[in-house]
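> Here you go, this is target16.txt (compact mmCIF, C-alpha atoms and all ligand atoms).
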# COMPACT_ATOMS: atom_id res chain seq x y z
CA MET A 27 90.68 -5.75 -13.20
CA SER A 28 90.60 -8.42 -15.91
CA THR A 29 89.67 -6.39 -19.01
CA TRP A 30 92.13 -3.94 -20.46
CA ASN A 31 90.95 -1.54 -23.13
CA ALA A 32 91.26 2.14 -24.04
CA GLU A 33 88.88 3.15 -21.27
CA THR A 34 90.64 1.18 -18.52
CA ALA A 35 94.00 2.44 -19.81
CA GLU A 36 92.86 6.04 -19.26
CA TRP A 37 91.40 5.18 -15.85
CA TYR A 38 94.59 3.39 -14.77
CA ALA A 39 96.88 6.13 -16.06
CA ALA A 40 94.92 8.86 -14.25
CA LYS A 41 94.68 6.98 -10.94
CA TYR A 42 97.81 4.82 -10.71
CA GLY A 43 100.02 5.88 -13.61
CA GLU A 44 102.71 7.29 -11.31
CA TYR A 45 102.12 4.85 -8.44
CA ALA A 46 104.95 4.98 -5.88
CA THR A 47 105.87 1.28 -6.21
CA ASN A 48 107.31 1.98 -9.67
CA ARG A 49 109.70 4.48 -8.13
CA LEU A 50 110.52 2.29 -5.09
CA ALA A 51 111.29 -0.79 -7.19
CA ALA A 52 113.12 1.04 -10.00
CA ASP A 53 115.42 2.62 -7.39
CA ALA A 54 116.02 -0.74 -5.65
CA VAL A 55 117.14 -2.63 -8.78
CA ASP A 56 120.87 -2.94 -9.51
CA VAL A 57 121.46 -1.73 -13.07
CA ALA A 58 124.57 -1.31 -15.19
CA ALA A 59 124.97 2.00 -17.03
CA ASP A 60 124.74 0.18 -20.36
CA ALA A 61 121.91 -2.23 -19.51
CA VAL A 62 119.11 -3.06 -21.94
CA ILE A 63 115.96 -2.88 -19.83
CA VAL A 64 112.58 -4.09 -21.06
CA ASP A 65 109.43 -3.27 -19.09
CA VAL A 66 106.68 -5.80 -19.86
CA GLY A 67 103.23 -4.37 -19.19
CA CYS A 68 104.87 -0.97 -18.89
CA GLY A 69 101.67 1.02 -18.42
CA THR A 70 102.50 4.73 -18.52
CA GLY A 71 106.25 3.98 -18.56
CA SER A 72 106.84 5.46 -15.12
CA ALA A 73 109.36 2.76 -14.04
CA LEU A 74 111.46 3.31 -17.17
CA ARG A 75 111.35 7.08 -16.78
CA ARG A 76 112.57 6.64 -13.21
CA VAL A 77 115.44 4.28 -14.03
CA ALA A 78 116.54 6.07 -17.24
CA PRO A 79 119.10 8.47 -15.65
CA ARG A 80 120.95 5.45 -14.18
CA VAL A 81 121.42 3.79 -17.59
CA PRO A 82 122.88 6.62 -19.71
CA ALA A 83 124.49 4.21 -22.17
CA GLY A 84 121.74 1.59 -22.19
CA ALA A 85 118.44 1.02 -23.93
CA LEU A 86 114.95 1.31 -22.44
CA ILE A 87 112.05 -0.50 -24.08
CA GLY A 88 108.47 -0.40 -22.81
CA VAL A 89 106.12 -3.13 -24.02
CA ASP A 90 102.36 -3.12 -23.52
CA PRO A 91 99.52 -4.66 -25.56
CA LEU A 92 97.26 -1.61 -25.28
CA PRO A 93 97.66 1.06 -27.98
CA ARG A 94 95.96 3.70 -25.78
CA MET A 95 98.30 2.93 -22.87
CA LEU A 96 101.28 3.33 -25.17
CA GLU A 97 99.95 6.68 -26.43
CA ILE A 98 99.78 7.90 -22.84
CA ALA A 99 103.26 6.48 -22.13
CA ARG A 100 104.69 8.33 -25.13
CA GLU A 101 102.99 11.58 -24.05
CA ARG A 102 104.48 11.30 -20.55
CA ALA A 103 107.90 10.34 -21.89
CA ALA A 104 107.87 13.45 -24.08
CA GLN A 105 107.57 15.58 -20.91
CA ASP A 106 110.47 13.81 -19.17
CA PRO A 107 114.14 14.87 -19.48
CA SER A 108 115.26 11.26 -20.23
CA GLY A 109 112.03 10.22 -21.90
CA HIS A 110 113.30 10.58 -25.46
CA ARG A 111 115.53 7.56 -24.78
CA ILE A 112 112.57 5.25 -24.13
CA GLU A 113 111.20 3.22 -27.03
CA PHE A 114 107.69 1.81 -26.76
CA ARG A 115 106.55 -1.33 -28.57
CA GLU A 116 103.08 -2.84 -28.78
CA GLY A 117 102.71 -6.46 -27.74
CA PRO A 118 101.71 -8.84 -24.95
CA ALA A 119 104.02 -10.72 -22.61
CA GLU A 120 103.04 -13.92 -24.42
CA HIS A 121 104.56 -12.68 -27.71
CA LEU A 122 107.26 -10.20 -26.84
CA PRO A 123 108.34 -8.01 -29.78
CA LEU A 124 112.01 -8.61 -29.01
CA ASP A 125 114.86 -10.72 -30.33
CA ASP A 126 116.23 -13.74 -28.48
CA SER A 127 118.87 -12.91 -25.84
CA SER A 128 118.44 -9.17 -26.27
CA ALA A 129 117.66 -7.92 -22.72
CA ASP A 130 119.74 -7.64 -19.56
CA ILE A 131 116.79 -6.88 -17.30
CA VAL A 132 113.06 -7.46 -17.73
CA PHE A 133 110.68 -5.60 -15.44
CA ALA A 134 107.24 -7.00 -14.68
CA PHE A 135 105.94 -4.37 -12.27
CA ASP A 136 102.38 -5.08 -11.18
CA SER A 137 101.88 -6.67 -14.57
CA ILE A 138 102.41 -10.45 -14.28
CA ASP A 139 98.94 -11.00 -12.78
CA HIS A 140 97.44 -9.30 -15.84
CA TRP A 141 99.12 -11.54 -18.42
CA GLN A 142 96.64 -13.87 -20.09
CA ASP A 143 98.97 -16.87 -20.03
CA ARG A 144 101.61 -16.50 -17.37
CA ALA A 145 103.58 -19.64 -18.30
CA ALA A 146 103.80 -18.46 -21.92
CA GLY A 147 104.84 -14.98 -20.77
CA LEU A 148 107.57 -16.40 -18.54
CA ARG A 149 108.83 -18.56 -21.44
CA GLU A 150 109.05 -15.40 -23.51
CA VAL A 151 110.94 -13.62 -20.72
CA CYS A 152 113.48 -16.48 -20.62
CA ARG A 153 113.80 -16.32 -24.43
CA VAL A 154 114.62 -12.59 -24.51
CA LEU A 155 116.94 -12.53 -21.47
CA ARG A 156 120.64 -12.67 -22.17
CA PRO A 157 122.74 -15.17 -20.18
CA GLY A 158 123.08 -13.66 -16.72
CA GLY A 159 120.00 -11.49 -17.26
CA ARG A 160 117.40 -10.83 -14.61
CA LEU A 161 113.62 -10.75 -14.37
CA VAL A 162 112.36 -8.31 -11.75
CA VAL A 163 108.81 -9.02 -10.62
CA VAL A 164 106.97 -6.54 -8.43
CA LYS A 165 103.60 -7.14 -6.85
CA ASP A 166 101.87 -4.24 -5.15
CA GLY A 167 101.04 -5.29 -1.60
CA GLY A 168 102.87 -8.63 -2.02
CA VAL A 169 101.17 -11.88 -3.05
CA PRO A 170 97.46 -11.85 -2.25
CA GLY A 171 96.32 -15.04 -0.51
CA GLY A 172 99.12 -15.48 2.02
CA THR A 173 101.82 -18.11 2.37
CA ALA A 174 100.28 -20.86 0.20
CA ALA A 175 99.71 -18.43 -2.67
CA LYS A 176 103.25 -17.17 -2.35
CA ARG A 177 104.63 -20.73 -2.41
CA ALA A 178 102.57 -21.44 -5.54
CA PHE A 179 103.87 -18.28 -7.20
CA LEU A 180 107.50 -19.13 -6.41
CA ALA A 181 106.93 -22.69 -7.68
CA GLU A 182 105.56 -21.27 -10.92
CA LEU A 183 108.71 -19.19 -11.36
CA ALA A 184 110.85 -22.29 -10.69
CA ARG A 185 108.87 -24.37 -13.24
CA SER A 186 109.66 -21.65 -15.78
CA GLY A 187 113.37 -22.03 -15.07
CA LEU A 188 113.68 -18.89 -12.94
CA VAL A 189 115.54 -18.83 -9.64
CA VAL A 190 114.75 -16.15 -7.08
CA MET A 191 118.03 -14.48 -6.14
CA ARG A 192 116.67 -11.67 -4.04
CA GLU A 193 113.33 -10.94 -2.39
CA GLU A 194 112.65 -7.60 -0.79
CA ASP A 195 109.66 -5.84 0.72
CA LEU A 196 109.59 -2.16 -0.16
CA ALA A 197 107.40 0.44 1.49
CA GLU A 198 106.78 4.14 1.73
CA GLY A 199 103.97 5.43 3.91
CA ASP A 200 100.94 3.22 3.30
CA VAL A 201 102.25 1.99 -0.08
CA SER A 202 104.08 -1.35 -0.15
CA CYS A 203 105.21 -3.98 -2.61
CA THR A 204 107.37 -7.08 -2.82
CA MET A 205 110.16 -7.33 -5.37
CA TRP A 206 111.69 -10.60 -6.62
CA VAL A 207 114.88 -10.52 -8.68
CA CYS A 208 115.13 -13.78 -10.65
CA GLY A 209 117.84 -15.31 -12.81
CA ALA A 210 117.23 -17.79 -15.60
CA VAL A 211 118.91 -21.19 -15.12
C1 LIG B 301 98.26 -2.76 -13.29
S1 LIG B 301 98.94 -2.19 -14.84
C2 LIG B 301 100.66 -1.92 -14.37
C3 LIG B 301 101.35 -0.96 -15.28
C4 LIG B 301 102.75 -0.55 -14.84
N1 LIG B 301 103.68 -1.65 -14.92
C5 LIG B 301 102.72 0.02 -13.44
O1 LIG B 301 103.17 -0.65 -12.51
O2 LIG B 301 102.23 1.14 -13.27
C6 LIG B 301 99.01 -3.68 -15.78
C7 LIG B 301 99.53 -3.47 -17.18
O3 LIG B 301 99.60 -4.74 -17.81
C8 LIG B 301 99.22 -4.58 -19.16
N2 LIG B 301 98.80 -5.87 -19.71
C9 LIG B 301 97.55 -6.37 -19.85
N3 LIG B 301 97.61 -7.58 -20.44
C10 LIG B 301 98.92 -7.83 -20.68
C11 LIG B 301 99.62 -8.91 -21.30
N4 LIG B 301 98.99 -9.98 -21.76
N5 LIG B 301 100.96 -8.81 -21.43
C12 LIG B 301 101.63 -7.73 -20.93
N6 LIG B 301 101.01 -6.70 -20.33
C13 LIG B 301 99.68 -6.74 -20.21
C14 LIG B 301 98.11 -3.54 -19.10
O4 LIG B 301 97.87 -2.93 -20.36
C15 LIG B 301 98.67 -2.58 -18.07
O5 LIG B 301 99.46 -1.58 -18.65
Spit out the file's structure as structure tokens when you get a sec.


Amino acid sequence: MSTWNAETAEWYAAKYGEYATNRLAADAVDVAADAVIVDVGCGTGSALRRVAPRVPAGALIGVDPLPRMLEIARERAAQDPSGHRIEFREGPAEHLPLDDSSADIVFAFDSIDHWQDRAAGLREVCRVLRPGGRLVVVKDGGVPGGTAAKRAFLAELARSGLVVMREEDLAEGDVSCTMWVCGAV
């Protein structure tokens, strides 16, 4: 899907808004209890809702460019026991509404392929990460296009100054994803 608007936000939220990969990846990430976690392209906020109980003293910020998606995310957060701790901000990856060096962890769960300018988005991620911070990229079903596409993706991360520190395939039933945990150099 290349066009995101209010209609596609509602379609996505109804069909994939609680997709299992959010839960699998959120559970697999190492987080400190006081971490500041930013989810770029947060969709319905399901990854942040999942990780919230593990960061009782931290901050949880969901960022998405679609106002309708954020409305849905706020509605779902309001129904969640930890949801009141999640703040949602409107904006694209290419212009993150965050201060420099303000995040410990940035999630990009099934979102990086939807950014309009991936290099600009990755520059923004590096800007907002604190020293020692981590970008966690998740792609549902791994990288489409096989080994060459995966090499190209990893090279793109490296060009952006990101080093892959951990790569893990996660699966549950017929749902699978690959997770890369990257540090900024
Ligand atoms: C496939 S959905 C994934 C949502 C959520 N992370 C999940 O895994 O359920 C892609 C998301 O990227 C968002 N998006 C679209 N363009 C974007 C951009 N330029 N920067 C950041 N997010 C964007 C969409 O609004 C949508 O919420």

> Hey, which residues sit close to ligand LIG 301 (chain B)? Say within 9 Å, counting only C-alpha atoms and all ligand atoms, and write them as an MDAnalysis selection string.

chainID A and resid 27:31 34:35 38:39 42:48 65:73 89:96 117:122 133:144 147 164:166

> From the list A:Ala78, A:Leu183, A:Leu161, A:Ala52, which residue is nearest Ser108 (chain A) when using only C-alpha atoms?

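That would be A:Ala78, the residue with the smallest distance to Ser108 (chain A).
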
> Go through A:Leu180, A:Val57, A:Cys152, A:Leu86 and flag the residue nearest Arg111 (chain A), using all atoms listed in the file for the distances.

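Residue with the minimum atom-to-atom distance to Arg111 (chain A): A:Leu86.
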
> Which of these, A:Ala58, A:Ala104, A:Val151, A:Val189, has the shortest distance to Asp126 (chain A) once you count all atoms listed in the file?

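Closest residue, counting all atoms listed in the file: A:Val151.
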
> Could you tell me which of A:Val169, A:Gly187, A:Ala146, A:Ala181 comes closest to Met205 (chain A) if we count only C-alpha atoms?

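Going through A:Val169, A:Gly187, A:Ala146, A:Ala181 one by one, the smallest distance to Met205 (chain A) is for A:Val169.
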
> Grab the CA of Gly109 (chain A) to CA of Gly167 (chain A) distance for me, in Å with one decimal place.

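CA of Gly109 (chain A) sits 27.8 Å away from CA of Gly167 (chain A).
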
> Would you compute the distance between CA of Gly171 (chain A) and CA of Asp53 (chain A)? Give it in Å to one decimal.

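Distance reported for this atom pair: 26.9 Å.
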
> By how many Å are CA of Ala40 (chain A) and CA of Gly88 (chain A) apart?

18.5 Å

> I'd like to know which of A:Val201, A:Ala51, A:Glu150, A:Arg76 is closest to Asp125 (chain A), using all atoms listed in the file.

A:Glu150

> Using all atoms of region 200-209 of chain A that appear in the file, construct an axis-aligned enclosing box with 4 Å of padding on every side and provide its centre coordinates and edge lengths in Å, rounded to one decimal, as JSON.


{"center_x": 109.4, "center_y": -6.0, "center_z": -4.8, "size_x": 24.9, "size_y": 26.5, "size_z": 24.1}

> Hey, can you pull every residue with an atom no more than 7 Å from (108.9, -3.1, -26.6), using only C-alpha atoms, and send it as a list in words?

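Collected hits near the coordinates: Val64, Ile87, Gly88, Val89, Glu113, Phe114, Arg115, Glu116, Pro123 and Leu124 of chain A.
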
> With distances taken over only C-alpha atoms, which residue among A:Ala129, A:Ala178, A:Ala210, A:Ile112 lies nearest Val190 (chain A)?

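Comparing A:Ala129, A:Ala178, A:Ala210, A:Ile112 against Val190 (chain A), the winner is A:Ala210.
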